[in-house]
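S.K.: Structure: my_file33.tsv, TSV, C-alpha atoms and all ligand atoms.
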chain	number	residue	atom	x	y	z
A	32	MET	CA	-37.28	5.32	46.79
A	33	SER	CA	-33.51	5.44	46.38
A	34	LYS	CA	-31.87	6.52	43.12
A	35	ILE	CA	-32.94	4.61	40.01
A	36	GLU	CA	-29.99	4.25	37.67
A	37	TYR	CA	-30.58	4.01	33.96
A	38	VAL	CA	-29.11	0.47	33.87
A	39	LYS	CA	-27.85	-1.99	36.43
A	40	LEU	CA	-24.76	-3.74	35.14
A	41	SER	CA	-23.01	-5.15	38.19
A	42	VAL	CA	-23.50	-8.83	38.93
A	43	THR	CA	-24.95	-9.07	42.40
A	44	ASP	CA	-26.72	-12.43	42.34
A	45	GLU	CA	-24.47	-14.80	44.27
A	46	LYS	CA	-25.51	-17.96	42.39
A	47	ILE	CA	-25.06	-16.43	38.95
A	48	ARG	CA	-21.71	-14.99	39.94
A	49	GLU	CA	-20.59	-18.45	40.98
A	50	ARG	CA	-21.56	-19.81	37.58
A	51	TYR	CA	-19.57	-17.09	35.80
A	52	LEU	CA	-16.56	-17.78	37.98
A	53	GLU	CA	-16.83	-21.51	37.36
A	54	GLU	CA	-16.85	-20.92	33.59
A	55	ILE	CA	-13.89	-18.58	33.83
A	56	ASP	CA	-11.99	-21.14	35.88
A	57	ASN	CA	-12.59	-23.78	33.20
A	58	VAL	CA	-11.08	-21.45	30.60
A	59	LEU	CA	-8.11	-20.69	32.84
A	60	GLN	CA	-7.44	-24.39	33.20
A	61	SER	CA	-7.93	-25.11	29.49
A	62	GLY	CA	-4.92	-23.08	28.37
A	63	SER	CA	-6.86	-21.98	25.28
A	64	PHE	CA	-7.74	-18.29	25.24
A	65	ILE	CA	-8.57	-17.03	21.76
A	66	LEU	CA	-10.74	-18.51	18.97
A	67	GLY	CA	-10.84	-21.92	20.62
A	68	LYS	CA	-13.58	-24.47	21.11
A	69	GLU	CA	-15.59	-22.19	23.40
A	70	VAL	CA	-15.75	-19.49	20.73
A	71	GLU	CA	-16.89	-22.08	18.20
A	72	LEU	CA	-19.51	-23.40	20.61
A	73	PHE	CA	-20.77	-19.87	21.27
A	74	GLU	CA	-21.02	-19.23	17.52
A	75	ASN	CA	-22.98	-22.44	17.12
A	76	VAL	CA	-25.47	-21.72	19.89
A	77	LEU	CA	-25.94	-18.20	18.51
A	78	ALA	CA	-26.61	-19.60	15.02
A	79	GLU	CA	-29.15	-21.97	16.55
A	80	TYR	CA	-30.82	-19.19	18.54
A	81	LEU	CA	-31.01	-16.89	15.54
A	82	ASN	CA	-31.89	-19.72	13.17
A	83	CYS	CA	-29.25	-18.67	10.68
A	84	LYS	CA	-26.64	-20.63	8.78
A	85	HIS	CA	-23.45	-18.93	9.98
A	86	VAL	CA	-22.24	-16.85	12.90
A	87	ILE	CA	-18.73	-15.38	13.00
A	88	SER	CA	-17.73	-13.81	16.30
A	89	VAL	CA	-15.59	-10.67	16.15
A	90	GLY	CA	-14.02	-8.15	18.51
A	91	ASN	CA	-17.00	-5.78	18.72
A	92	GLY	CA	-20.08	-4.51	16.88
A	93	THR	CA	-18.16	-1.80	15.04
A	94	ASP	CA	-15.83	-4.43	13.58
A	95	ALA	CA	-18.87	-6.52	12.66
A	96	LEU	CA	-20.05	-3.64	10.44
A	97	PHE	CA	-16.58	-2.81	9.12
A	98	LEU	CA	-15.77	-6.42	8.25
A	99	SER	CA	-19.17	-6.95	6.61
A	100	LEU	CA	-18.69	-3.89	4.43
A	101	SER	CA	-15.16	-5.06	3.57
A	102	ALA	CA	-16.36	-8.56	2.71
A	103	LEU	CA	-18.93	-7.07	0.34
A	104	GLY	CA	-16.17	-5.16	-1.41
A	105	ILE	CA	-17.55	-1.76	-0.46
A	106	GLY	CA	-14.97	1.02	-0.42
A	107	GLU	CA	-13.80	4.23	-1.96
A	108	GLY	CA	-16.22	5.84	-4.38
A	109	ASP	CA	-19.19	3.86	-3.04
A	110	GLU	CA	-22.18	5.29	-1.21
A	111	VAL	CA	-24.03	3.57	1.59
A	112	ILE	CA	-27.49	4.69	2.62
A	113	THR	CA	-28.15	4.78	6.35
A	114	VAL	CA	-29.72	6.77	9.19
A	115	ALA	CA	-28.47	9.68	11.28
A	116	ASN	CA	-30.02	8.49	14.56
A	117	SER	CA	-27.73	5.69	15.54
A	118	PHE	CA	-24.60	5.20	17.56
A	119	ILE	CA	-21.79	6.72	15.50
A	120	ALA	CA	-20.31	3.26	14.87
A	121	THR	CA	-22.85	2.64	12.11
A	122	SER	CA	-21.52	5.37	9.89
A	123	ASN	CA	-17.93	5.29	11.13
A	124	ALA	CA	-17.76	1.76	9.75
A	125	ILE	CA	-18.82	3.12	6.36
A	126	LYS	CA	-16.12	5.79	6.54
A	127	LEU	CA	-13.53	3.30	7.73
A	128	VAL	CA	-13.84	1.32	4.49
A	129	GLY	CA	-13.49	4.57	2.56
A	130	ALA	CA	-17.13	4.78	1.43
A	131	THR	CA	-19.54	7.70	1.88
A	132	PRO	CA	-22.60	7.54	4.11
A	133	VAL	CA	-25.79	9.10	2.77
A	134	PHE	CA	-28.36	9.84	5.44
A	135	ILE	CA	-32.07	9.39	4.82
A	136	ASP	CA	-35.12	9.85	6.99
A	137	VAL	CA	-36.85	7.55	9.44
A	138	ASP	CA	-40.46	6.47	9.69
A	139	ASP	CA	-42.55	6.38	12.88
A	140	SER	CA	-40.56	3.43	14.19
A	141	MET	CA	-37.50	5.75	14.28
A	142	ASN	CA	-35.90	3.43	11.74
A	143	LEU	CA	-34.86	3.84	8.11
A	144	ASP	CA	-37.90	4.60	5.99
A	145	PRO	CA	-37.95	2.41	2.86
A	146	ASN	CA	-39.97	5.09	1.07
A	147	CYS	CA	-37.05	7.49	1.32
A	148	ILE	CA	-34.42	5.26	-0.29
A	149	ASN	CA	-35.32	5.90	-3.89
A	150	LYS	CA	-34.64	9.63	-3.71
A	151	ALA	CA	-31.16	9.07	-2.28
A	152	ILE	CA	-29.92	6.57	-4.84
A	153	THR	CA	-27.15	7.45	-7.28
A	154	ASN	CA	-25.08	5.23	-9.54
A	155	ARG	CA	-22.56	5.03	-6.71
A	156	THR	CA	-25.01	3.56	-4.20
A	157	LYS	CA	-23.92	0.06	-3.23
A	158	ALA	CA	-25.64	-0.79	0.02
A	159	ILE	CA	-28.15	0.12	2.70
A	160	ILE	CA	-27.53	-0.17	6.44
A	161	PRO	CA	-30.79	-0.01	8.36
A	162	VAL	CA	-30.52	-0.04	12.15
A	163	HIS	CA	-33.11	-1.85	14.27
A	164	LEU	CA	-32.87	0.95	16.80
A	165	ALA	CA	-33.79	0.47	20.45
A	166	GLY	CA	-34.71	-3.15	19.76
A	167	LEU	CA	-37.61	-2.26	17.46
A	168	ALA	CA	-37.65	-3.73	13.99
A	169	ALA	CA	-37.11	-1.52	10.97
A	170	ASN	CA	-39.49	-2.08	8.07
A	171	ILE	CA	-36.95	-4.62	6.88
A	172	GLU	CA	-39.10	-6.60	4.46
A	173	GLU	CA	-39.80	-3.47	2.42
A	174	ILE	CA	-36.15	-2.42	2.62
A	175	ILE	CA	-35.07	-5.83	1.30
A	176	LYS	CA	-37.68	-5.72	-1.45
A	177	PHE	CA	-36.38	-2.34	-2.55
A	178	ALA	CA	-32.76	-3.48	-2.36
A	179	GLN	CA	-33.43	-6.57	-4.45
A	180	ASN	CA	-35.25	-4.57	-7.10
A	181	ASN	CA	-32.37	-2.10	-7.28
A	182	ASN	CA	-29.44	-4.45	-6.95
A	183	LEU	CA	-28.29	-3.10	-3.59
A	184	LEU	CA	-26.70	-4.96	-0.72
A	185	VAL	CA	-28.13	-4.80	2.81
A	186	ILE	CA	-26.32	-4.98	6.13
A	187	GLU	CA	-28.65	-5.02	9.12
A	188	ASP	CA	-27.29	-3.21	12.17
A	189	CYS	CA	-28.76	-5.48	14.85
A	190	ALA	CA	-26.54	-4.21	17.68
A	191	GLN	CA	-29.59	-3.28	19.76
A	192	ALA	CA	-31.94	-5.94	18.48
A	193	ILE	CA	-31.00	-9.50	19.33
A	194	GLY	CA	-34.17	-11.57	19.51
A	195	VAL	CA	-36.35	-9.22	17.46
A	196	LYS	CA	-38.54	-11.16	15.05
A	197	VAL	CA	-40.26	-9.98	11.90
A	198	ASN	CA	-42.95	-12.39	10.74
A	199	ASN	CA	-41.34	-14.99	12.95
A	200	LYS	CA	-37.90	-14.59	11.39
A	201	MET	CA	-35.08	-13.25	13.56
A	202	VAL	CA	-33.48	-10.00	12.44
A	203	GLY	CA	-30.00	-10.61	11.11
A	204	ASN	CA	-31.47	-13.06	8.59
A	205	PHE	CA	-32.87	-10.53	6.14
A	206	GLY	CA	-29.80	-8.77	4.81
A	207	ASP	CA	-26.56	-10.08	3.33
A	208	PHE	CA	-25.12	-9.67	6.82
A	209	GLY	CA	-26.49	-8.99	10.30
A	210	CYS	CA	-24.16	-7.19	12.71
A	211	PHE	CA	-24.46	-7.59	16.45
A	212	SER	CA	-22.69	-6.04	19.42
A	213	LEU	CA	-22.07	-7.82	22.71
A	214	HIS	CA	-21.27	-4.59	24.55
A	215	PRO	CA	-22.45	-4.64	28.21
A	216	LEU	CA	-25.37	-2.35	27.36
A	217	LYS	CA	-26.84	-4.76	24.80
A	218	ASN	CA	-29.59	-7.29	25.47
A	219	LEU	CA	-27.05	-10.08	25.06
A	220	SER	CA	-23.67	-9.01	26.32
A	221	VAL	CA	-20.28	-10.16	27.46
A	222	PHE	CA	-18.11	-8.53	30.12
A	223	GLY	CA	-16.11	-6.30	27.85
A	224	ASP	CA	-16.18	-5.84	24.10
A	225	GLY	CA	-17.47	-8.43	21.69
A	226	GLY	CA	-19.61	-8.80	18.63
A	227	PHE	CA	-20.65	-11.16	15.87
A	228	ILE	CA	-21.87	-11.33	12.31
A	229	THR	CA	-24.66	-13.47	10.88
A	230	THR	CA	-25.04	-14.55	7.28
A	231	ASN	CA	-26.83	-17.24	5.34
A	232	ASP	CA	-24.35	-17.01	2.47
A	233	THR	CA	-21.53	-19.53	2.81
A	234	ARG	CA	-19.21	-17.69	0.42
A	235	LEU	CA	-19.55	-14.47	2.45
A	236	PHE	CA	-19.10	-16.43	5.66
A	237	GLU	CA	-15.77	-17.83	4.43
A	238	LYS	CA	-14.61	-14.37	3.42
A	239	VAL	CA	-15.49	-12.56	6.63
A	240	LYS	CA	-13.96	-15.36	8.66
A	241	LEU	CA	-10.65	-14.77	6.88
A	242	LEU	CA	-10.93	-11.00	7.30
A	243	ARG	CA	-11.29	-11.26	11.09
A	244	ASN	CA	-7.98	-13.09	11.43
A	245	HIS	CA	-5.32	-11.87	9.00
A	246	GLY	CA	-6.62	-13.95	6.10
A	247	LEU	CA	-5.18	-17.06	7.74
A	248	ILE	CA	-6.43	-20.44	6.54
A	249	ASN	CA	-4.25	-22.16	9.12
A	250	ARG	CA	-1.62	-21.07	11.60
A	251	ASP	CA	0.97	-20.15	8.99
A	252	THR	CA	-0.74	-19.44	5.68
A	253	SER	CA	-2.50	-16.18	4.86
A	254	ILE	CA	-4.43	-15.75	1.61
A	255	MET	CA	-6.03	-12.34	2.18
A	256	ILE	CA	-5.22	-9.07	3.91
A	257	GLY	CA	-7.20	-9.01	7.13
A	258	GLY	CA	-6.91	-7.74	10.66
A	259	ASN	CA	-7.35	-9.00	14.19
A	260	SER	CA	-10.92	-8.99	15.38
A	261	ARG	CA	-11.07	-12.19	17.37
A	262	LEU	CA	-13.29	-13.03	20.31
A	263	ASP	CA	-11.66	-14.66	23.28
A	264	GLU	CA	-12.66	-17.81	25.10
A	265	MET	CA	-13.40	-16.02	28.36
A	266	GLN	CA	-15.98	-13.75	26.74
A	267	ALA	CA	-17.40	-16.67	24.75
A	268	VAL	CA	-18.22	-18.73	27.85
A	269	LEU	CA	-19.75	-15.72	29.57
A	270	GLY	CA	-21.74	-14.85	26.46
A	271	ARG	CA	-23.01	-18.42	26.17
A	272	LEU	CA	-24.13	-18.32	29.78
A	273	ASN	CA	-25.85	-14.98	29.23
A	274	LEU	CA	-27.65	-16.40	26.20
A	275	GLU	CA	-29.47	-18.70	28.65
A	276	PHE	CA	-30.99	-15.60	30.26
A	277	LEU	CA	-31.73	-13.69	27.05
A	278	ASN	CA	-35.32	-14.75	26.43
A	279	SER	CA	-36.44	-14.16	29.99
A	280	ASN	CA	-34.64	-10.81	30.08
A	281	ASN	CA	-36.24	-9.78	26.80
A	282	ARG	CA	-39.64	-10.83	28.17
A	283	LYS	CA	-39.07	-8.63	31.19
A	284	ARG	CA	-38.20	-5.66	28.97
A	285	VAL	CA	-41.43	-6.23	27.03
A	286	GLU	CA	-43.39	-6.48	30.27
A	287	TYR	CA	-41.95	-3.15	31.48
A	288	ALA	CA	-42.55	-1.49	28.10
A	289	THR	CA	-46.15	-2.67	28.09
A	290	PHE	CA	-46.64	-1.31	31.59
A	291	TYR	CA	-45.20	2.07	30.62
A	292	LYS	CA	-47.35	2.29	27.50
A	293	GLU	CA	-50.54	1.15	29.20
A	294	ASN	CA	-50.16	3.56	32.09
A	295	LEU	CA	-48.98	6.61	30.19
A	296	LYS	CA	-51.43	6.47	27.31
A	297	GLU	CA	-53.62	9.24	28.71
A	298	TYR	CA	-50.73	11.68	28.77
A	299	PRO	CA	-49.21	13.72	25.93
A	300	ILE	CA	-46.51	11.12	25.40
A	301	THR	CA	-46.13	8.96	22.30
A	302	PHE	CA	-43.92	6.03	21.45
A	303	PRO	CA	-42.00	4.79	18.42
A	304	HIS	CA	-44.22	2.66	16.21
A	305	VAL	CA	-43.98	-1.11	16.52
A	306	PHE	CA	-44.81	-2.75	13.19
A	307	GLU	CA	-47.41	-5.49	13.09
A	308	ASN	CA	-46.04	-9.03	13.23
A	309	THR	CA	-42.80	-7.88	14.81
A	310	SER	CA	-41.64	-8.59	18.35
A	311	PRO	CA	-39.59	-5.79	19.91
A	312	VAL	CA	-36.97	-6.37	22.62
A	313	PHE	CA	-36.69	-2.76	23.91
A	314	ASN	CA	-32.96	-2.34	24.30
A	315	THR	CA	-34.03	1.16	25.23
A	316	PHE	CA	-37.51	2.41	25.99
A	317	MET	CA	-38.01	5.63	24.09
A	318	ILE	CA	-40.80	8.08	24.52
A	319	PHE	CA	-41.58	11.25	22.57
A	320	TYR	CA	-42.58	14.33	24.50
A	321	GLU	CA	-42.44	17.96	23.34
A	322	ASP	CA	-40.69	19.26	26.45
A	323	ARG	CA	-38.54	16.25	27.16
A	324	ASN	CA	-35.81	18.32	28.85
A	325	LYS	CA	-38.28	19.55	31.46
A	326	LEU	CA	-39.54	16.02	32.09
A	327	ARG	CA	-35.97	14.75	32.24
A	328	GLU	CA	-35.07	17.38	34.83
A	329	TYR	CA	-38.17	16.54	36.88
A	330	LEU	CA	-37.34	12.83	36.89
A	331	LYS	CA	-33.77	13.66	37.91
A	332	GLN	CA	-35.06	15.54	40.95
A	333	TYR	CA	-36.68	12.29	42.04
A	334	GLY	CA	-33.46	10.33	41.50
A	335	ILE	CA	-34.54	8.79	38.19
A	336	GLU	CA	-31.81	8.64	35.57
A	337	THR	CA	-32.78	8.87	31.92
A	338	LYS	CA	-30.80	9.06	28.67
A	339	ILE	CA	-31.18	10.55	25.22
A	340	HIS	CA	-30.43	8.30	22.27
A	341	TYR	CA	-28.83	10.35	20.83
A	342	PRO	CA	-28.21	13.93	22.02
A	343	LYS	CA	-26.36	14.58	18.74
A	344	LEU	CA	-27.40	13.02	15.46
A	345	ILE	CA	-24.47	11.57	13.53
A	346	THR	CA	-24.95	14.34	10.98
A	347	GLU	CA	-24.36	16.86	13.78
A	348	GLN	CA	-20.94	15.43	14.57
A	349	LYS	CA	-18.12	17.60	13.28
A	350	LEU	CA	-16.82	15.13	10.71
A	351	TYR	CA	-20.26	14.51	9.24
A	352	LEU	CA	-21.54	18.05	8.82
A	353	ASN	CA	-21.04	18.03	5.06
A	354	GLU	CA	-22.50	14.63	4.20
A	355	ARG	CA	-25.54	14.37	1.96
A	356	LYS	CA	-28.71	14.09	4.02
A	357	GLU	CA	-32.46	14.46	3.96
A	358	ILE	CA	-33.58	13.89	7.51
A	359	LYS	CA	-36.24	16.40	8.50
A	360	LYS	CA	-38.38	13.92	10.41
A	361	THR	CA	-35.33	12.47	12.16
A	362	ILE	CA	-34.40	15.96	13.37
A	363	ASP	CA	-37.95	16.68	14.56
A	364	LEU	CA	-38.34	13.41	16.43
A	365	ASN	CA	-34.88	13.59	17.89
A	366	LYS	CA	-35.76	16.76	19.80
A	367	LYS	CA	-38.54	14.92	21.63
A	368	ILE	CA	-36.98	11.59	22.53
A	369	LEU	CA	-36.19	10.44	26.01
A	370	SER	CA	-35.15	6.94	27.12
A	371	LEU	CA	-36.58	5.63	30.40
A	372	PRO	CA	-35.00	2.86	32.50
A	373	ILE	CA	-35.97	-0.62	31.27
A	374	HIS	CA	-33.08	-2.82	32.30
A	375	PRO	CA	-34.19	-6.36	33.30
A	376	LYS	CA	-32.36	-5.99	36.62
A	377	HIS	CA	-34.76	-3.22	37.56
A	378	GLU	CA	-37.53	-4.33	39.83
A	379	PHE	CA	-41.13	-3.89	38.77
A	380	LYS	CA	-41.70	-1.55	41.69
A	381	GLU	CA	-39.05	0.77	40.26
A	382	ILE	CA	-40.89	0.95	36.93
A	383	GLU	CA	-44.13	1.59	38.85
A	384	TYR	CA	-42.42	4.42	40.70
A	385	ILE	CA	-41.16	5.99	37.46
A	386	VAL	CA	-44.69	5.90	36.05
A	387	TYR	CA	-46.00	7.43	39.27
A	388	ILE	CA	-43.51	10.31	39.04
A	389	ILE	CA	-44.28	10.92	35.34
A	390	LYS	CA	-47.99	11.10	36.17
A	391	LYS	CA	-47.19	13.50	38.99
A	392	PHE	CA	-45.23	15.64	36.51
A	393	PHE	CA	-48.21	15.96	34.21
A	394	ASP	CA	-50.72	16.38	37.04
A	395	THR	CA	-48.78	19.32	38.43
A	396	LEU	CA	-48.22	21.07	35.09
A	401	LIG	C1	-26.70	0.68	16.64
A	401	LIG	C2	-25.28	0.32	17.00
A	401	LIG	N1	-24.43	-0.01	16.03
A	401	LIG	C3	-23.17	-0.38	16.30
A	401	LIG	C4	-22.70	-0.42	17.59
A	401	LIG	C5	-21.25	-0.74	17.83
A	401	LIG	O1	-21.04	-1.80	18.68
A	401	LIG	P1	-19.72	-1.87	19.59
A	401	LIG	O2	-19.83	-0.84	20.65
A	401	LIG	O3	-19.74	-3.27	20.11
A	401	LIG	O4	-18.56	-1.64	18.68
A	401	LIG	C6	-23.57	-0.12	18.64
A	401	LIG	C7	-23.18	-0.25	20.05
A	401	LIG	O5	-22.72	0.51	20.76
A	401	LIG	C8	-24.89	0.28	18.34
A	401	LIG	O6	-25.75	0.62	19.30
Could you take the file, read its structure, and then write that structure out as structure tokens?
M.R.:
Amino acid sequence: MSKIEYVKLSVTDEKIRERYLEEIDNVLQSGSFILGKEVELFENVLAEYLNCKHVISVGNGTDALFLSLSALGIGEGDEVITVANSFIATSNAIKLVGATPVFIDVDDSMNLDPNCINKAITNRTKAIIPVHLAGLAANIEEIIKFAQNNNLLVIEDCAQAIGVKVNNKMVGNFGDFGCFSLHPLKNLSVFGDGGFITTNDTRLFEKVKLLRNHGLINRDTSIMIGGNSRLDEMQAVLGRLNLEFLNSNNRKRVEYATFYKENLKEYPITFPHVFENTSPVFNTFMIFYEDRNKLREYLKQYGIETKIHYPKLITEQKLYLNERKEIKKTIDLNKKILSLPIHPKHEFKEIEYIVYIIKKFFDTL
């Protein structure tokens, strides 16, 4: 078997490529390139897919978080509770608005543990940002319950979790805002940077919409200080086309995850917990294994590329070393994680081969 890359991002299917090119050509001929009717249409189809009231597209997932925090008035002197095992964007957004991240532990799903929030609260705590990491739902209903009882705001970081449902409700609908990334590595992506925000609160929707475009209510009148975080028409048409493939791609990820789990259950490997009544979408497929570096090296010898999400916790990054944290379980689990290939462009036989090699690893130990 030739090399198995961690993901397969190039567009090789001739028919699909033609459809992308056709859509791009329509935009070229339209003469409208930023925040036009295609962006609006994309926002509408996303709102329909996610069954939420409002979607505001933005420049990327980091901006989605930054603008959500800004719209909620979070800034200097405020604390935001979050996790250390995420892409650094989650806490950089907190820092960018001038607030302070406070890191708490995860539960067995590798996501923010609602039971750990209470201990971290101070009179400066304003919000919680749970991440639905790897496309597995956080215990969001408990997090929301806690937040409501303690007057805290919630921003869901859904960058890796489009299509995840909790009790039949799409993530992004639980918090005050849901923040999504359309980066090429996400389950729904564009061909560059992109992102969007969900909310069911019309007042917040109006505010964040102003923030993404210089506070402009029309071409010439600005009523709020804002920036430029606009999505362009080209990405919007490509994103809308990709949305057509999202459910089948997510199904394929689930199929591969199920195969991995079923076939590796006899080995000393465990997996992040999937809560009952939730439907994961496996943006990454994480396993826990004590000697993950050895397994990783073995797989590499057979041409199988794996990743670690993340080799450094956010709290291990230089500019975060002094932040308040209580993350013992996160640190323990993080030493054992390894992400196996699960991209929908992988063929089933490639997943079978990976399982075969992992079995061989354990059988020869
Ligand atoms: C959990 C998480 N949050 C936020 C982001 C930021 O998204 P973007 O790269 O689109 O800015 C990402 C994506 O990389 C992510 O994985």
S.K.: Can you work out the spacing between CA of Thr301 in chain A and CA of Glu286 in chain A in Å, to one decimal?
M.R.: 17.6 Å
S.K.: Out of A:Ile389, A:Glu172, A:Leu164, A:Tyr51, which residue has the shortest atom-to-atom distance to Lys200 in chain A when counting all atoms listed in the file?
M.R.: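 Using all atoms listed in the file, Lys200 in chain A sits closest to A:Glu172.
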S.K.: Between CA of Phe134 in chain A and CA of Gln348 in chain A, what is the spacing in Å?
M.R.: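 The value is 13.0 Å.
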S.K.: Neighbours of ligand LIG 401 (chain A) within 6 Å, counting all atoms listed in the file, as a PyMOL selection string?
M.R.: chain A and resi 91-93+117-118+120-121+162+188+190-191+212-214+224-226
S.K.: Quick one: of A:Gly129, A:Gly62, A:Gly166, A:Gly106, who's nearest to Ile373 in chain A, counting all atoms listed in the file?
M.R.: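 Answer, going by the shortest atom-to-atom distance: A:Gly166.
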S.K.: Determine the nearest neighbour of Tyr298 in chain A from the options A:Ile160, A:Val386, A:Ala78, A:Met255, counting all atoms listed in the file.
M.R.: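 Going through A:Ile160, A:Val386, A:Ala78, A:Met255 one by one, the smallest distance to Tyr298 in chain A is for A:Val386.
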S.K.: List every residue of range 123-234 of chain A that has an atom at most 12 Å from any atom of range 315-327 of chain A, giving for each one its closest atom pair and the distance in Å to one decimal, counting all atoms listed in the file, sorted by chain and then by ascending residue number, as a Markdown table.
M.R.:
| residue | atom | partner | partner_atom | distance |
| --- | --- | --- | --- | --- |
| A:Asp139 | CA | A:Phe319 | CA | 10.9 |
| A:Ser140 | CA | A:Met317 | CA | 10.5 |
| A:Met141 | CA | A:Met317 | CA | 9.8 |
| A:His163 | CA | A:Thr315 | CA | 11.4 |
| A:Leu164 | CA | A:Thr315 | CA | 8.5 |
| A:Ala165 | CA | A:Thr315 | CA | 4.8 |
| A:Gly166 | CA | A:Thr315 | CA | 7.0 |
| A:Leu167 | CA | A:Thr315 | CA | 9.2 |
| A:Ala190 | CA | A:Thr315 | CA | 11.9 |
| A:Gln191 | CA | A:Thr315 | CA | 8.3 |
| A:Ala192 | CA | A:Thr315 | CA | 10.0 |
| A:Leu216 | CA | A:Thr315 | CA | 9.6 |
| A:Lys217 | CA | A:Thr315 | CA | 9.3 |
| A:Asn218 | CA | A:Thr315 | CA | 9.5 |
S.K.: Take the residues that were just selected and, keeping C-alpha atoms, output them as an mmCIF file, keeping the file's coordinate frame.
M.R.:
data_model
loop_
_atom_site.group_PDB
_atom_site.id
_atom_site.type_symbol
_atom_site.label_atom_id
_atom_site.label_comp_id
_atom_site.auth_asym_id
_atom_site.auth_seq_id
_atom_site.Cartn_x
_atom_site.Cartn_y
_atom_site.Cartn_z
ATOM 1 C CA ASP A 139 -42.550 6.380 12.880
ATOM 2 C CA SER A 140 -40.560 3.430 14.190
ATOM 3 C CA MET A 141 -37.500 5.750 14.280
ATOM 4 C CA HIS A 163 -33.110 -1.850 14.270
ATOM 5 C CA LEU A 164 -32.870 0.950 16.800
ATOM 6 C CA ALA A 165 -33.790 0.470 20.450
ATOM 7 C CA GLY A 166 -34.710 -3.150 19.760
ATOM 8 C CA LEU A 167 -37.610 -2.260 17.460
ATOM 9 C CA ALA A 190 -26.540 -4.210 17.680
ATOM 10 C CA GLN A 191 -29.590 -3.280 19.760
ATOM 11 C CA ALA A 192 -31.940 -5.940 18.480
ATOM 12 C CA LEU A 216 -25.370 -2.350 27.360
ATOM 13 C CA LYS A 217 -26.840 -4.760 24.800
ATOM 14 C CA ASN A 218 -29.590 -7.290 25.470
#
S.K.: Looking at A:Leu330, A:Ile171, A:Leu127, A:Ile358, which one is nearest to Tyr384 in chain A, with distances taken over only C-alpha atoms?
M.R.: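 Closest candidate: A:Leu330.
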S.K.: What does the distance from CA of Phe236 in chain A to CA of Phe313 in chain A come to in Å, to one decimal?
M.R.: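 Those two atoms sit 28.8 Å apart.
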S.K.: For Glu187 in chain A, which residue out of A:Leu143, A:Val221, A:Ile368, A:Ile55 is the nearest one, using all atoms listed in the file?
M.R.: A:Leu143
S.K.: Residues near Thr153 in chain A, anyone? I mean within 12 Å using all atoms listed in the file, not counting same-chain ones fewer than 4 positions away, as a list in words.
M.R.: Gly108, Asp109, Glu110, Val111, Ile112, Thr131, Val133, Ile148, Asn149, Lys157, Ala158, Asn181, Leu183 and Arg355 of chain A
S.K.: Counting only C-alpha atoms, which residue out of A:Asn308, A:Gln332, A:Asn116, A:Asn123 sits closest to Ile135 in chain A?
M.R.: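 Using only C-alpha atoms, the shortest distance to Ile135 in chain A belongs to A:Asn116.
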S.K.: Find the residues around His245 in chain A up to 9 Å (all atoms listed in the file counted), leave out those fewer than 5 positions away in its own chain, and share them as a PyMOL selection string.
M.R.: chain A and resi 253-260
S.K.: Please identify all polymer residues within 12 Å of Lys343 in chain A, counting only C-alpha atoms, omitting same-chain residues fewer than 3 positions from it, and present them as number ranges by chain.
M.R.: A: 115-119, 339-340, 346-349, 351-352, 361-362, 365-366, 368
S.K.: Excluding range 271-275 of chain A and residues on its chain fewer than 6 positions from it, collect all residues at most 9 Å away from it, counting all atoms listed in the file, and give them as an MDAnalysis selection string.
M.R.: chainID A and resid 50:51 54 69 72:74 76:77 80 219:221
S.K.: List as JSON, numbers by chain: which residues have an atom within 6 Å of (-39.0, 0.1, 10.4), counting only C-alpha atoms?
M.R.: {"A": [140, 142, 168, 169, 170]}
S.K.: Show me, as a count of residues only, the residues that have an atom within 7 Å of Gly209 in chain A when counting all atoms listed in the file, minus same-chain residues fewer than 3 positions from it.
M.R.: 10
